[in-house]
Protein chains: 2
Amino acid sequence: MAKRQGKQTIRLERPVSILSYASTVGKKESEGPLAPYFDVTSQDNFFGQKTWEKAESEIQRSTLQKALEKGGLSAGEVDIVFAGDLLNQCIGSAYGLREMGIPFAGLYGACSTMAESLILASLLVESGAAGKAAAVTSSHFCSAERQFRFPLDYGGQRTPTSQWTVTGGGACVVGPVGEAPYVKEMAIGLIEDLGVKDMNNMGGAMAPAAVSTLSQFFTDTNTKPDQYDLILTGDLGLVGSELLKQLMEREGHPLGSRHADCGLLIFDREQQQVDAGASGCGCSASVLCGYVLEKLRKGELKEVLFMATGALMSPTSSQQGESIPGIAHLVHLSNSPTAL
Amino acid sequence: MAKRQGKQTIRLERPVSILSYASTVGKKESEGPLAPYFDVTSQDNFFGQKTWEKAESEIQRSTLQKALEKGGLSAGEVDIVFAGDLLNQCIGSAYGLREMGIPFAGLYGACSTMAESLILASLLVESGAAGKAAAVTSSHFCSAERQFRFPLDYGGQRTPTSQWTVTGGGACVVGPVGEAPYVKEMAIGLIEDLGVKDMNNMGGAMAPAAVSTLSQFFTDTNTKPDQYDLILTGDLGLVGSELLKQLMEREGHPLGSRHADCGLLIFDREQQQVDAGASGCGCSASVLCGYVLEKLRKGELKEVLFMATGALMSPTSSQQGESIPGIAHLVHLSNSPTAL
C-alpha cells in the first residue's frame with residue numbers, strides 16, 4: 001500500500017526500483033559539462049526527421065527504446081507508459097510512442113512532466129496495477145521556440161531572464177523492488193500563481209510552486225534539507241533558483257549547499273550563452289536519466305529529492321493577459337530501500 | 001491491491017466508489033435530448049467570462065465545485081485532481097483549477113480524458129495514495145473551432161463526417177468503497193493509427209482504438225457484450241460507431257443493441273444539425289457525469305462499460321502530413337461492488 005504522510009506526501013510502504021533509464025540530447029547539450037553522462041548525443045538536431053516536431057517524437061521513441069535495451073527489456077513487458085511534452089496536443093509523445101505497442105497514458109505537466117510521469121509509474125507498480133511502467137518526456141529548442149516565442153528565422157532578442165529549451169529527453173522503466181535506485185516517496189504539487197506575467201521569466205513564475213511543494217514535503221516527512229545529498233530542481237534557472245533559496249530560508253528550511261538545478265547544470269551558462277540557464281521537459285529528464293540515476297545506482301549519491309517544475313501557461317493565455325501558474329512535483333529517490 | 005487480468009485489464013480487488021459527480025453544458029446542449037439530466041445548463045456560452053478559453057476554465061472550476069457540493073465535500077478533502085482538456089497546454093484545466101488548492105496532475109488524452117482521469121483517480125484511491133481523488137475535463141465548441149479548424153467568423157463549411165464539439169464538462173470524486181456507483185475494472189488503451197488523415201472524420205480515426213481496447217477487455221475478462229447493460233463509447237459519432245459495430249462483429253464480439261455513443265445521445269443529430277454527432281472531452285464527460293452515473297446509482301443501469309476515445313493529432317501534425325493516432329480507455333462501472 002501507498003501511505004499518505006501529512007498533507008501532500010505519499011510514502012511507498014514497499015519502494016519500487018528504477019530498473020533502467022536512458023537519456024538523449026542534441027548538439028548544444030553535447031557540448032555542455034554533462035556531455036559524458038548522456039546515452040545518446042546527436043549532432044543532427046533533426047534526428048534524421050523532416051521537421052523539428054518529428055525530431056522530438058524521434059527523441060521520445062529512441063530514448064524509451066534505449067532504456068528498454070539497457071535493461072534487457074522488451075516493450076511487451078511494460079504495462080503502461082506515462083508520457084507528455086510541451087507541444088500542442090502533446091504530439092511529441094503520441095507520435096513518438098504510437099508504434100511501441102505499450103498502453104499509453106498522456107500527461108500534460110509542462111516541464112514538470114519527468115517527475116509527474118515517474119510518480120504515476122511508481123504508484124501503479126507499487127499497487128500492482130502495472131508489473132512494469134515507463135515514464136518518458138522530451139523537449140526540443142526549435143519546436144518550442146516557434147510554438148511559444150518567435151519563428152527562429154526572426155532572430156528574436158533574448159532577455160537576461162530567459163532560459164534555453166533543452167533539445168533532449170529522458171526515459172525510465174519502473175519495476176517492483178529490486179536494485180537501486182529506488183523511489184520511496186513523492187509529493188504531487190499544488191498550482192501556485194503569484195501573478196508573474198513575463199513569459200521570458202519562467203524561473204520566477206515557477207519558484208513559488210517549488211517552494212510550496214518542497215516546504216510541504218519537509219513538514220510532512222519531518223526531515224531537513226541536510227538529510228539529503230542533493231535537492232535537485234528541474235529548470236528554475238538562475239532567477240528561479242535564487243528565489244527558491246531565499247524563500248526556503250524564509251520558510252524555515254534553508255537549503256544551504258544541497259540545492260542544484262538541472263537548468264544550471266546542463267550548460268555552461270556564460271560560455272554557451274544561455275542567459276538564465278536551461279529549461280524544457282527534456283532538461284530535467286535528461287539530467288535525471290543521464291546523470292542523477294547513474295550516481296544513485298553507484299552509491300555516489302544516496303538520498304536525492306528530484307523536483308521538476310512546470311509553467312502551465314500557453315501563448316493564448318498570455319495574450320489574454322493571464323499570469324503564469326506554476327507547479328512542482330517531487331520524488332524522493334534513494335540508493336537504499338530502507339527509510340531515511 | 002489492483003490485479004492485472006490478461007494483457008491490458010486491471011481489476012480492483014476492492015472496488016472504489018464514485019462519491020459524487022456533476023455536469024455542466026452550454027446552450028445548444030441544453031436544447032438536446034439529455035437536457036434534464038445535467039446539473040448546470042448555461043444560456044451564456046461565455047459563462048460570465050471575457051473569452052471562450054476562460055469560459056472553458058470556468059466550466060472546469062464550477063463543475064468540480066458542483067460535484068464537491070453535491071457530495072457534501074470540501075476541496076481540502078480531495079488529495080489529487082486529474083484533469084485535462086483539448087486546449088494547447090491544457091489551459092482549461094490549469095486556469096480552471098488553479099485556485100482550488102488541490103494537488104494537480106495534468107493529463108492529455110484528448111477526448112479520452114474523462115476515462116483516463118477516472119481510471120487514475122480510482123487507482124490512486126484503491127492503493128491508498130489518495131483518500132479521495134477527483135477527475136475533471138471539459139471542452140468548448142468555440143475555443144476548439146478556432147484552435148483546430150477556422151475562426152468562427154470565417155463560416156467554414158462542415159462535412160457530413162464532422163462532429164460538433166460539446167460545450168460542457170464533467171467532474172467526479174472517487175473515494176473508498178461505499179455506495180454505488182462503483183469502479184471495478186479498467187483498461188488503458190494502446191495508440192492505434194490505421195492511417196486516417198481526414199481531420200473532419202475523427203470517428204473514423206478513433207474507431208480502431210476503440211475496437212482494440214474493447215476486444216482486449218472482453219478477452220482479458222472472458223466476458224461477452226451481453227453481460228453489460230450498456231457499452232458506451234465517448235464520441236465516435238455516426239461514422240465511428242458504425243465502424244466499431246462492424247469491426248467488433250468481425251473480432252467475434254458483436255455488440256448487438258448494447259452499444260450507445262455519447263456523441264449520438266447528447267444532440268438530436270438532425271434537428272440540431274450536428275452532422276455525424278458530437279465530440280470533445282466535454283461530450284463523454286457530461287453524458288457520464290450527468291446521465292450514466294445517476295442511472296447506475298439508482299440501479300436503472302447495473303453494469304456499464306464506459307470507453308472514451310481520443311484523437312491524438314494536432315493542427316501541426318496534420319499540416320506536416322501525419323495521420324491521426326487514436327486511443328481508447330475503458331472503465332467498468334457497476335451498481336454492485338461484487339464481481340460480474
# chains A, B, ... in the order shown; residues from 1 in each chain; ligands from 1

$ residues_around --residues "stretch 203-206 of chain A" --least-positions-apart "2" --cutoff "7 Å" --atoms "only C-alpha atoms" --output "VMD selection string"
chain A and resid 196 201 208 to 210 236 to 237 239 to 240 309 to 311 324 326 to 327

$ write_last_selection --atoms "C-alpha atoms" --output "PDB file, in the first residue's frame"
ATOM      1  CA  VAL A 196       4.102  36.790 -12.790  1.00  0.00           C
ATOM      2  CA  ASN A 201      10.892  34.721 -16.785  1.00  0.00           C
ATOM      3  CA  PRO A 208       6.578  29.757  -5.722  1.00  0.00           C
ATOM      4  CA  ALA A 209       5.322  26.297  -6.722  1.00  0.00           C
ATOM      5  CA  ALA A 210       8.735  24.820  -5.958  1.00  0.00           C
ATOM      6  CA  LEU A 236      14.304  27.150 -12.277  1.00  0.00           C
ATOM      7  CA  GLY A 237      17.458  28.569 -13.832  1.00  0.00           C
ATOM      8  CA  VAL A 239      16.491  33.662 -11.351  1.00  0.00           C
ATOM      9  CA  GLY A 240      14.176  30.944 -10.059  1.00  0.00           C
ATOM     10  CA  THR A 309       8.747  22.419 -12.049  1.00  0.00           C
ATOM     11  CA  GLY A 310       6.321  23.418 -14.796  1.00  0.00           C
ATOM     12  CA  ALA A 311       4.787  26.654 -16.079  1.00  0.00           C
ATOM     13  CA  ILE A 324       1.600  32.122 -15.323  1.00  0.00           C
ATOM     14  CA  GLY A 326       3.380  27.098 -11.790  1.00  0.00           C
ATOM     15  CA  ILE A 327       3.518  23.564 -10.454  1.00  0.00           C
TER      16      ILE A 327
END

$ select_by_dssp --residues "stretch 122-303 of chain B" --states "strand (DSSP E or B)" --output "JSON, numbers by chain"
{"B": [133, 134, 135, 136, 137, 138, 139, 164, 165, 168, 169, 170, 171, 172, 173, 174, 175, 176, 182, 183, 184, 185, 186, 187, 192, 230, 231, 232, 233, 259, 260, 261, 278, 279, 303]}

$ residues_around --residues "B:Leu107" --least-positions-apart "4" --cutoff "6 Å" --atoms "only C-alpha atoms" --output "MDAnalysis selection string"
(chainID A and resid 106:108) or (chainID B and resid 83:84)

$ closest_residue --among "B:Ser20, B:Ser212, B:Gln8, B:Ser74" --to "B:Glu294" --atoms "only C-alpha atoms"
B:Ser20

$ atom_distance --atom1 "atom CA of B:Val274" --atom2 "atom CA of B:Ser318"
23.1 Å
